[in-house]
$ cat protein-v7.tsv   # TSV, C-alpha atoms
chain	number	residue	atom	x	y	z
R	1	MET	CA	-23.11	-22.40	-73.75
R	2	ILE	CA	-19.49	-22.26	-72.62
R	3	GLN	CA	-20.19	-18.92	-70.91
R	4	LYS	CA	-23.16	-20.44	-69.05
R	5	GLY	CA	-20.96	-23.34	-67.96
R	6	LYS	CA	-18.31	-20.99	-66.62
R	7	ARG	CA	-20.90	-18.94	-64.81
R	8	ALA	CA	-22.36	-22.02	-63.21
R	9	ALA	CA	-18.93	-23.21	-62.12
R	10	MET	CA	-18.13	-19.87	-60.51
R	11	LEU	CA	-21.45	-19.80	-58.70
R	12	LEU	CA	-20.77	-23.29	-57.42
R	13	VAL	CA	-17.33	-22.20	-56.11
R	14	GLY	CA	-18.96	-19.24	-54.42
R	15	VAL	CA	-21.57	-21.37	-52.68
R	16	MET	CA	-18.88	-23.78	-51.48
R	17	ALA	CA	-16.73	-20.89	-50.15
R	18	ILE	CA	-19.59	-19.36	-48.21
R	19	SER	CA	-20.46	-22.77	-46.80
R	20	ALA	CA	-16.84	-23.17	-45.66
R	21	ILE	CA	-16.90	-19.79	-43.91
R	22	VAL	CA	-20.02	-20.79	-41.98
R	23	ALA	CA	-18.79	-24.31	-41.24
R	24	LEU	CA	-15.25	-23.57	-40.00
R	25	PRO	CA	-16.14	-21.78	-36.72
R	26	VAL	CA	-18.54	-24.57	-35.89
R	27	MET	CA	-15.85	-27.17	-36.53
R	28	ALA	CA	-13.37	-25.21	-34.37
R	29	GLN	CA	-15.75	-25.31	-31.41
R	30	GLY	CA	-16.27	-29.05	-31.57
R	31	PRO	CA	-19.55	-30.90	-31.06
R	32	THR	CA	-22.37	-28.90	-29.60
R	33	ALA	CA	-25.61	-29.96	-27.99
R	34	ALA	CA	-28.39	-30.97	-30.28
R	35	GLY	CA	-30.61	-28.08	-31.21
R	36	SER	CA	-28.15	-25.39	-29.94
R	37	SER	CA	-28.96	-21.92	-31.21
R	38	PRO	CA	-26.45	-19.35	-32.53
R	39	GLY	CA	-26.77	-17.56	-29.16
R	40	ALA	CA	-25.90	-20.72	-27.25
R	41	LYS	CA	-22.93	-21.33	-29.53
R	42	ALA	CA	-21.62	-17.82	-28.88
R	43	LEU	CA	-22.03	-18.37	-25.13
R	44	LYS	CA	-20.03	-21.61	-25.30
R	45	VAL	CA	-17.23	-19.88	-27.20
R	46	ASN	CA	-17.25	-17.12	-24.60
R	47	GLU	CA	-17.11	-19.59	-21.70
R	48	SER	CA	-14.28	-21.46	-23.32
R	49	ARG	CA	-12.35	-18.24	-23.73
R	50	THR	CA	-13.04	-17.29	-20.08
R	51	ILE	CA	-11.83	-20.65	-18.82
R	52	ASN	CA	-8.69	-20.45	-20.95
R	53	ARG	CA	-7.88	-16.97	-19.66
R	54	ALA	CA	-8.50	-18.06	-16.06
R	55	ASN	CA	-6.25	-21.08	-16.49
R	56	GLN	CA	-3.51	-18.91	-17.97
R	57	GLU	CA	-3.51	-16.67	-14.90
R	58	ILE	CA	-3.65	-19.59	-12.47
R	59	ASP	CA	-0.83	-21.42	-14.26
R	60	ARG	CA	1.22	-18.23	-14.26
R	61	ARG	CA	0.82	-17.77	-10.51
R	62	VAL	CA	1.43	-21.41	-9.66
R	63	GLN	CA	4.61	-21.47	-11.73
R	64	ARG	CA	6.00	-18.43	-9.88
R	65	LEU	CA	4.92	-19.79	-6.50
R	66	ASP	CA	6.55	-23.18	-7.22
R	67	ALA	CA	9.84	-21.47	-8.09
R	68	LEU	CA	9.61	-19.36	-4.95
R	69	ASN	CA	8.85	-22.42	-2.84
R	70	LEU	CA	12.06	-24.06	-4.11
R	71	ARG	CA	14.02	-20.93	-3.30
R	72	LEU	CA	12.63	-20.71	0.24
R	73	GLN	CA	13.83	-24.25	0.95
R	74	GLU	CA	17.38	-22.93	0.64
R	75	VAL	CA	17.15	-20.09	3.16
R	76	LYS	CA	19.30	-20.59	6.23
R	77	LYS	CA	19.60	-17.29	8.04
R	78	LEU	CA	15.92	-16.49	8.61
R	79	SER	CA	14.43	-17.54	11.91
R	80	ASP	CA	12.35	-20.73	11.90
R	81	PRO	CA	9.06	-18.88	12.45
R	82	GLU	CA	9.85	-16.45	9.59
R	83	ARG	CA	10.77	-19.24	7.19
R	84	ASN	CA	7.88	-21.50	8.17
R	85	THR	CA	5.33	-18.70	7.84
R	86	LEU	CA	6.53	-17.87	4.34
R	87	GLN	CA	6.65	-21.48	3.20
R	88	ASN	CA	3.20	-22.24	4.60
R	89	THR	CA	1.72	-19.18	2.91
R	90	VAL	CA	3.26	-20.03	-0.45
R	91	GLN	CA	2.25	-23.69	-0.29
R	92	ASN	CA	-1.26	-22.75	0.77
R	93	GLN	CA	-1.58	-20.39	-2.20
R	94	ILE	CA	-0.43	-23.14	-4.57
R	95	GLN	CA	-3.00	-25.53	-3.16
R	96	VAL	CA	-5.84	-23.02	-3.33
R	97	LEU	CA	-5.03	-22.10	-6.93
R	98	ASN	CA	-4.82	-25.72	-8.06
R	99	GLN	CA	-8.19	-26.47	-6.46
R	100	LEU	CA	-9.69	-23.40	-8.08
R	101	LYS	CA	-8.39	-24.48	-11.48
R	102	LEU	CA	-10.04	-27.89	-11.12
R	103	LYS	CA	-13.28	-26.23	-10.12
R	104	ILE	CA	-13.24	-23.80	-13.02
R	105	ASP	CA	-12.52	-26.57	-15.51
R	106	GLY	CA	-15.53	-28.43	-14.18
R	107	ASP	CA	-17.97	-25.49	-14.04
R	108	THR	CA	-21.12	-26.20	-16.01
R	109	ASP	CA	-23.03	-22.92	-15.68
R	110	THR	CA	-22.08	-19.36	-16.41
R	111	THR	CA	-22.99	-17.97	-12.98
R	112	THR	CA	-20.70	-20.35	-11.09
R	113	LEU	CA	-17.94	-19.78	-13.62
R	114	ARG	CA	-18.27	-16.03	-13.19
R	115	GLU	CA	-18.02	-16.33	-9.39
R	116	ASP	CA	-14.96	-18.55	-9.61
R	117	VAL	CA	-13.26	-16.19	-12.02
R	118	GLN	CA	-13.99	-13.28	-9.68
R	119	SER	CA	-12.24	-15.15	-6.90
R	120	ILE	CA	-9.11	-15.20	-9.07
R	121	THR	CA	-9.20	-11.42	-9.17
R	122	LYS	CA	-9.91	-11.14	-5.43
R	123	SER	CA	-7.08	-13.51	-4.49
R	124	TYR	CA	-4.59	-11.49	-6.52
R	125	ARG	CA	-4.05	-9.16	-3.56
R	126	ILE	CA	-2.62	-12.06	-1.57
R	127	TYR	CA	-0.42	-13.16	-4.45
R	128	ALA	CA	0.75	-9.57	-5.09
R	129	LEU	CA	2.07	-9.50	-1.51
R	130	VAL	CA	3.41	-13.03	-1.12
R	131	ILE	CA	5.62	-13.06	-4.20
R	132	PRO	CA	7.66	-9.87	-3.61
R	133	GLN	CA	7.60	-10.32	0.18
R	134	SER	CA	9.07	-13.82	-0.07
R	135	ALA	CA	11.55	-12.74	-2.73
R	136	LEU	CA	12.75	-9.92	-0.47
R	137	MET	CA	13.14	-12.28	2.49
R	138	ALA	CA	15.07	-14.78	0.35
R	139	ALA	CA	17.37	-12.04	-0.95
R	140	ALA	CA	17.98	-10.72	2.57
R	141	ASP	CA	18.74	-14.25	3.72
R	142	ARG	CA	21.34	-14.64	0.98
R	143	ALA	CA	22.81	-11.23	1.84
R	144	LEU	CA	23.28	-12.34	5.45
R	145	ALA	CA	25.00	-15.51	4.23
R	146	ILE	CA	27.33	-13.38	2.12
R	147	VAL	CA	28.11	-11.28	5.20
R	148	ASP	CA	29.25	-14.44	7.00
R	149	THR	CA	31.37	-15.49	4.03
R	150	MET	CA	32.98	-12.09	3.78
R	151	ASN	CA	33.71	-12.02	7.51
R	152	SER	CA	35.47	-15.37	7.13
R	153	LEU	CA	37.49	-13.93	4.27
R	154	ALA	CA	38.33	-10.87	6.39
R	155	GLN	CA	39.81	-13.17	9.01
R	156	LYS	CA	42.06	-14.83	6.44
R	157	LEU	CA	43.15	-11.47	5.05
R	158	GLN	CA	43.90	-10.15	8.52
R	159	GLU	CA	46.08	-13.16	9.25
R	160	ARG	CA	48.07	-12.47	6.11
R	161	ILE	CA	48.39	-8.78	6.92
R	162	THR	CA	49.61	-9.65	10.41
R	163	ALA	CA	52.23	-11.95	8.87
R	164	GLU	CA	53.40	-9.13	6.61
R	165	ILE	CA	53.67	-6.78	9.61
R	166	SER	CA	55.83	-9.40	11.32
R	167	ALA	CA	57.97	-9.48	8.20
R	168	GLY	CA	58.49	-5.73	8.54
R	169	LYS	CA	56.40	-4.75	5.52
R	170	ASP	CA	54.49	-1.50	5.10
R	171	VAL	CA	50.83	-2.55	5.25
R	172	SER	CA	49.16	0.86	5.65
R	173	THR	CA	47.34	0.48	2.32
R	174	LEU	CA	46.19	-2.99	3.27
R	175	GLN	CA	44.94	-1.77	6.62
R	176	THR	CA	42.95	0.99	4.95
R	177	LEU	CA	41.45	-1.51	2.54
R	178	ILE	CA	40.49	-4.03	5.21
R	179	SER	CA	39.00	-1.28	7.35
R	180	ASP	CA	36.82	-0.19	4.43
R	181	PHE	CA	36.01	-3.83	3.66
R	182	ASN	CA	34.80	-4.45	7.22
R	183	SER	CA	32.81	-1.23	7.22
R	184	LYS	CA	30.99	-2.14	4.00
R	185	VAL	CA	30.21	-5.65	5.18
R	186	ALA	CA	28.87	-4.35	8.48
R	187	ASP	CA	26.59	-1.91	6.67
R	188	ALA	CA	25.38	-4.66	4.33
R	189	LYS	CA	24.37	-6.69	7.37
R	190	ILE	CA	22.37	-3.75	8.75
R	191	GLN	CA	20.63	-3.24	5.39
R	192	ALA	CA	19.77	-6.93	5.01
R	193	GLN	CA	18.35	-7.20	8.51
R	194	GLY	CA	16.47	-3.95	7.97
R	195	ALA	CA	14.84	-5.38	4.85
R	196	ILE	CA	13.68	-8.42	6.81
R	197	ASP	CA	12.25	-6.24	9.57
R	198	LYS	CA	10.41	-4.12	6.98
R	199	VAL	CA	8.50	-6.93	5.28
R	200	SER	CA	8.32	-9.94	7.59
R	201	GLY	CA	5.16	-8.71	9.34
R	202	LEU	CA	3.22	-7.50	6.29
R	203	GLN	CA	-0.32	-8.86	5.86
R	204	PRO	CA	-2.58	-9.00	2.75
R	205	ASP	CA	-4.61	-5.81	2.22
R	206	ASN	CA	-7.88	-7.61	1.32
R	207	GLY	CA	-8.79	-4.70	-0.92
R	208	ASP	CA	-7.98	-1.96	1.61
R	209	LYS	CA	-6.15	0.68	-0.38
R	210	THR	CA	-4.46	2.22	2.67
R	211	ILE	CA	-2.94	-1.11	3.65
R	212	MET	CA	-2.06	-1.83	0.02
R	213	ASP	CA	-0.19	1.48	-0.29
R	214	SER	CA	1.56	0.88	3.03
R	215	ASN	CA	2.61	-2.63	1.98
R	216	THR	CA	3.87	-1.39	-1.37
R	217	GLN	CA	5.94	1.35	0.26
R	218	ALA	CA	7.41	-1.06	2.82
R	219	MET	CA	8.43	-3.46	0.06
R	220	LYS	CA	9.96	-0.66	-2.01
R	221	ASP	CA	11.92	0.49	1.05
R	222	ALA	CA	13.13	-3.06	1.63
R	223	ARG	CA	14.08	-3.29	-2.04
R	224	GLY	CA	16.20	-0.16	-1.58
R	225	MET	CA	17.93	-1.76	1.38
R	226	ILE	CA	18.78	-4.88	-0.59
R	227	GLN	CA	20.18	-2.69	-3.37
R	228	LYS	CA	22.29	-0.81	-0.81
R	229	ALA	CA	23.58	-4.12	0.57
R	230	GLN	CA	24.50	-5.16	-2.98
R	231	GLN	CA	26.42	-1.93	-3.49
R	232	ASP	CA	28.25	-2.53	-0.19
R	233	PHE	CA	29.16	-6.05	-1.31
R	234	VAL	CA	30.46	-4.82	-4.66
R	235	ALA	CA	32.67	-2.26	-2.90
R	236	ALA	CA	33.87	-4.83	-0.36
R	237	ARG	CA	34.61	-7.32	-3.14
R	238	LYS	CA	36.70	-4.70	-4.90
R	239	ASP	CA	38.65	-4.06	-1.67
R	240	ALA	CA	39.17	-7.80	-1.21
R	241	GLY	CA	40.41	-8.22	-4.77
R	242	GLN	CA	42.93	-5.43	-4.29
R	243	MET	CA	44.11	-6.86	-0.97
R	244	VAL	CA	44.65	-10.31	-2.45
R	245	LYS	CA	46.58	-8.77	-5.33
R	246	ASP	CA	48.79	-6.73	-2.96
R	247	LEU	CA	49.38	-9.70	-0.67
R	248	LYS	CA	50.45	-11.83	-3.62
R	249	GLN	CA	52.95	-9.16	-4.64
R	250	MET	CA	54.30	-9.00	-1.10
R	251	SER	CA	54.52	-12.78	-0.86
R	252	SER	CA	56.39	-12.98	-4.16
R	253	VAL	CA	59.11	-10.88	-2.47
R	254	ASN	CA	58.91	-12.89	0.79
R	255	PRO	CA	57.64	-16.40	-0.10
R	256	THR	CA	57.37	-17.59	3.51
R	257	SER	CA	54.39	-15.33	4.30
R	258	ALA	CA	52.26	-16.84	1.45
R	259	THR	CA	52.15	-20.31	2.95
R	260	SER	CA	50.87	-19.33	6.37
R	261	THR	CA	48.13	-21.69	7.47
R	262	ALA	CA	48.30	-21.01	11.17
R	263	THR	CA	44.57	-20.86	11.60
R	264	SER	CA	41.92	-22.48	9.43
R	265	SER	CA	39.05	-20.25	8.52
R	266	GLN	CA	35.85	-21.98	7.70
R	267	GLN	CA	32.28	-20.87	7.78
V	1	MET	CA	-15.23	-14.67	-68.48
V	2	THR	CA	-17.54	-11.63	-68.54
V	3	SER	CA	-16.75	-8.55	-66.46
V	4	LYS	CA	-19.79	-9.21	-64.27
V	5	SER	CA	-18.59	-12.71	-63.55
V	6	LYS	CA	-15.15	-11.43	-62.66
V	7	VAL	CA	-16.64	-9.03	-60.13
V	8	ILE	CA	-18.67	-11.79	-58.53
V	9	PHE	CA	-15.62	-14.03	-58.43
V	10	TRP	CA	-13.44	-11.44	-56.68
V	11	ILE	CA	-16.16	-10.57	-54.17
V	12	ILE	CA	-16.45	-14.21	-53.21
V	13	ALA	CA	-12.67	-14.56	-53.00
V	14	ILE	CA	-12.43	-11.56	-50.66
V	15	ILE	CA	-15.22	-12.94	-48.47
V	16	VAL	CA	-13.35	-16.25	-48.21
V	17	VAL	CA	-10.09	-14.55	-47.22
V	18	VAL	CA	-11.77	-12.31	-44.63
V	19	GLY	CA	-13.61	-15.30	-43.24
V	20	LEU	CA	-10.41	-17.31	-42.85
V	21	ILE	CA	-8.68	-14.40	-41.10
V	22	TRP	CA	-11.61	-14.03	-38.68
V	23	TRP	CA	-11.67	-17.73	-37.94
V	24	TYR	CA	-7.91	-17.80	-37.28
V	25	SER	CA	-8.16	-14.86	-34.88
V	26	GLN	CA	-10.94	-16.61	-32.95
V	27	TRP	CA	-8.87	-19.76	-32.77
V	28	GLN	CA	-5.84	-17.85	-31.47
V	29	ALA	CA	-7.95	-16.15	-28.76
V	30	GLY	CA	-8.69	-19.53	-27.26
V	31	SER	CA	-5.10	-20.82	-27.33
V	32	PRO	CA	-3.07	-20.96	-24.11
V	33	ALA	CA	-0.09	-18.58	-23.92
V	34	ALA	CA	3.47	-19.71	-23.41
V	35	PRO	CA	4.44	-20.08	-19.75
V	36	GLU	CA	6.04	-17.07	-18.11
V	37	GLN	CA	9.77	-17.11	-17.57
V	38	SER	CA	10.79	-17.39	-13.95
V	39	PRO	CA	14.02	-15.77	-12.68
V	40	TYR	CA	14.67	-18.74	-10.46
V	41	SER	CA	16.30	-21.81	-11.88
V	42	ALA	CA	17.79	-24.90	-10.33
V	43	THR	CA	21.31	-23.66	-10.99
V	44	SER	CA	20.97	-20.00	-10.05
V	45	THR	CA	19.90	-20.46	-6.44
V	46	SER	CA	23.29	-21.56	-5.06
V	47	GLY	CA	22.74	-22.67	-1.49
V	48	THR	CA	24.98	-22.35	1.52
V	49	SER	CA	27.10	-25.35	0.47
V	50	SER	CA	29.01	-23.00	-1.89
V	51	SER	CA	29.59	-20.47	0.92
V	52	VAL	CA	32.09	-22.73	2.75
V	53	LEU	CA	35.53	-21.20	2.27
V	54	PRO	CA	38.65	-23.32	1.71
V	55	GLN	CA	40.95	-23.80	4.67
V	56	GLY	CA	44.00	-21.64	5.16
V	57	ASN	CA	45.01	-18.21	3.88
V	58	SER	CA	47.38	-19.15	1.07
V	59	ASN	CA	47.15	-17.29	-2.23
V	60	THR	CA	45.21	-20.22	-3.68
V	61	ALA	CA	42.80	-20.26	-0.74
V	62	LEU	CA	42.23	-16.51	-1.09
V	63	ASP	CA	41.54	-16.84	-4.83
V	64	GLN	CA	39.06	-19.64	-4.20
V	65	SER	CA	37.41	-17.57	-1.48
V	66	LEU	CA	36.92	-14.72	-3.93
V	67	GLN	CA	35.35	-17.13	-6.42
V	68	THR	CA	32.95	-18.36	-3.73
V	69	ILE	CA	31.93	-14.79	-2.97
V	70	ASP	CA	31.46	-14.05	-6.69
V	71	SER	CA	29.14	-17.03	-6.95
V	72	GLN	CA	27.09	-15.81	-3.99
V	73	LEU	CA	26.88	-12.29	-5.42
V	74	SER	CA	25.62	-13.74	-8.69
V	75	GLY	CA	22.89	-15.52	-6.74
V	76	LEU	CA	21.98	-12.26	-5.04
V	77	SER	CA	21.60	-10.60	-8.43
V	78	SER	CA	19.20	-13.35	-9.41
V	79	ASP	CA	17.24	-12.78	-6.21
V	80	SER	CA	17.11	-9.05	-6.97
V	81	ALA	CA	15.66	-9.73	-10.41
V	82	SER	CA	12.97	-11.83	-8.77
V	83	ILE	CA	12.11	-9.00	-6.39
V	84	ASP	CA	11.67	-6.58	-9.29
V	85	GLN	CA	9.55	-9.08	-11.19
V	86	GLY	CA	7.34	-9.51	-8.13
V	87	LEU	CA	6.95	-5.78	-7.50
V	88	ASN	CA	6.11	-5.12	-11.17
V	89	ASP	CA	3.80	-8.10	-11.62
V	90	GLN	CA	0.76	-7.61	-13.86
V	91	PRO	CA	-2.11	-10.10	-13.78
V	92	ILE	CA	-3.84	-11.44	-16.89
V	93	VAL	CA	-7.09	-9.46	-16.87
V	94	GLN	CA	-10.12	-11.68	-16.48
V	95	GLY	CA	-13.10	-10.87	-18.69
V	96	GLN	CA	-15.86	-11.45	-16.11

$ encode --input "protein-v7.tsv" --output "structure tokens"
Amino acid sequence: MIQKGKRAAMLLVGVMAISAIVALPVMAQGPTAAGSSPGAKALKVNESRTINRANQEIDRRVQRLDALNLRLQEVKKLSDPERNTLQNTVQNQIQVLNQLKLKIDGDTDTTTLREDVQSITKSYRIYALVIPQSALMAAADRALAIVDTMNSLAQKLQERITAEISAGKDVSTLQTLISDFNSKVADAKIQAQGAIDKVSGLQPDNGDKTIMDSNTQAMKDARGMIQKAQQDFVAARKDAGQMVKDLKQMSSVNPTSATSTATSSQQ
Amino acid sequence: MTSKSKVIFWIIAIIVVVGLIWWYSQWQAGSPAAPEQSPYSATSTSGTSSSVLPQGNSNTALDQSLQTIDSQLSGLSSDSASIDQGLNDQPIVQGQ
């Protein structure tokens, strides 16, 4: 009797467990249309997954484009046409993606959803160009701004060196350093401008592999130029640091040369 | 509990566990992923206002000038990271 009771209890637990396994996926999906078949349920789950994946990609692109749009508002050295073209392209992409997201969220049939999702894939070629192209232009713009800053610093350093010459000091080391400094800054300017020239005219490949390969190579070349400009700046910064250190030592011997403010240097 | 009952019990228990694992994996597949990190931030994109050097060529002015340049170079590093991220971008593959 007790054994029969135990057996019945275990069977009851088993039936409840199996019912839970069947019920949980249905509960996770939410309410479904009356009379929906297992095939229709699977389709709905699949559509939901497709929409989620599409939204993930759209959100990812929009987030990057928004950040880039903010960055482009800070560029100062690019020409107006270059800056405006980039900003318009980025803002247009953001708008298109947001509209596409609304459309996908509202799609009611699988065929339309499939077409909209395909357009995400097709539009990737534009995004894959716009993001690195704009990033390269922004970096080159900043590099040109650094060139101006460093040239202003060079003017200050030269004034101090001239003062030390007047004081009868040996400035041969300083002159070597400032010559190298100016040389590095000049090369950085060439590299930065070269990067702009490489990528400013690039157009989306629209699926053309030849154009895609050409665009990719141009952007990699421009990336190399930015890296070279960075190396030039690092070397110039090192020269500048040494010059300031040497000038401080000289001025500690002859205090009058450290307070020279004959000419203001301002960018 | 008889041995036969024990077997039935464990079979049902395993089915329940497998079912829960399957359900959880389906639920995770439909969850949105965390947003991607962007290299740009409001504080890393120092604009041209920080590129104005202090007046004069005193030791203090030279030190401040070097700090300004260091700040700009840091911004350029941030820009470089963004370039690399853009060149190495990978889309989320769409199923359809």

$ closest_atom_pairs --input "protein-v7.tsv" --of "chain V" --to "chain R" --cutoff "6 Å" --atoms "all atoms listed in the file" --output "tab-separated table"
residue	atom	partner	partner_atom	distance
V:Ile12	CA	R:Gly14	CA	5.8
V:Gly19	CA	R:Ile21	CA	5.6
V:Gly30	CA	R:Arg49	CA	5.2
V:Gly47	CA	R:Glu74	CA	5.8
V:Val52	CA	R:Gln267	CA	5.4
V:Leu53	CA	R:Gln266	CA	5.5
V:Gln55	CA	R:Ser264	CA	5.0
V:Gly56	CA	R:Thr261	CA	4.7
V:Asn57	CA	R:Lys156	CA	5.2
V:Ser58	CA	R:Thr259	CA	5.3
V:Asp79	CA	R:Ala139	CA	5.3
V:Ile83	CA	R:Ala135	CA	5.3
V:Gly86	CA	R:Pro132	CA	4.5
V:Leu87	CA	R:Pro132	CA	5.7
V:Ile92	CA	R:Glu57	CA	5.6
V:Gln96	CA	R:Arg114	CA	5.9

$ atom_distance --input "protein-v7.tsv" --atom1 "atom CA of R:Asn182" --atom2 "atom CA of R:Glu164"
19.2 Å

$ atom_distance --input "protein-v7.tsv" --atom1 "atom CA of V:Ala81" --atom2 "atom CA of R:Leu100"
28.9 Å

$ atom_distance --input "protein-v7.tsv" --atom1 "atom CA of V:Ser77" --atom2 "atom CA of R:Asn69"
18.3 Å

$ closest_residue --input "protein-v7.tsv" --among "R:Ala192, R:Ala229, R:Ser214, R:Lys44" --to "R:Thr108" --atoms "all atoms listed in the file"
R:Lys44

$ axis_aligned_box --input "protein-v7.tsv" --around "stretch 194-207 of chain R" --padding-each-side "5 Å" --output "lines of an AutoDock Vina configuration file"
center_x = 3.8
center_y = -6.9
center_z = 4.3
size_x = 35.3
size_y = 16.0
size_z = 20.5

$ residues_near_point --input "protein-v7.tsv" --point "(6.3, -2.3, 5.1)" --cutoff "10 Å" --atoms "all atoms listed in the file" --output "ChimeraX atom specification"
/R:133,195-203,211-222
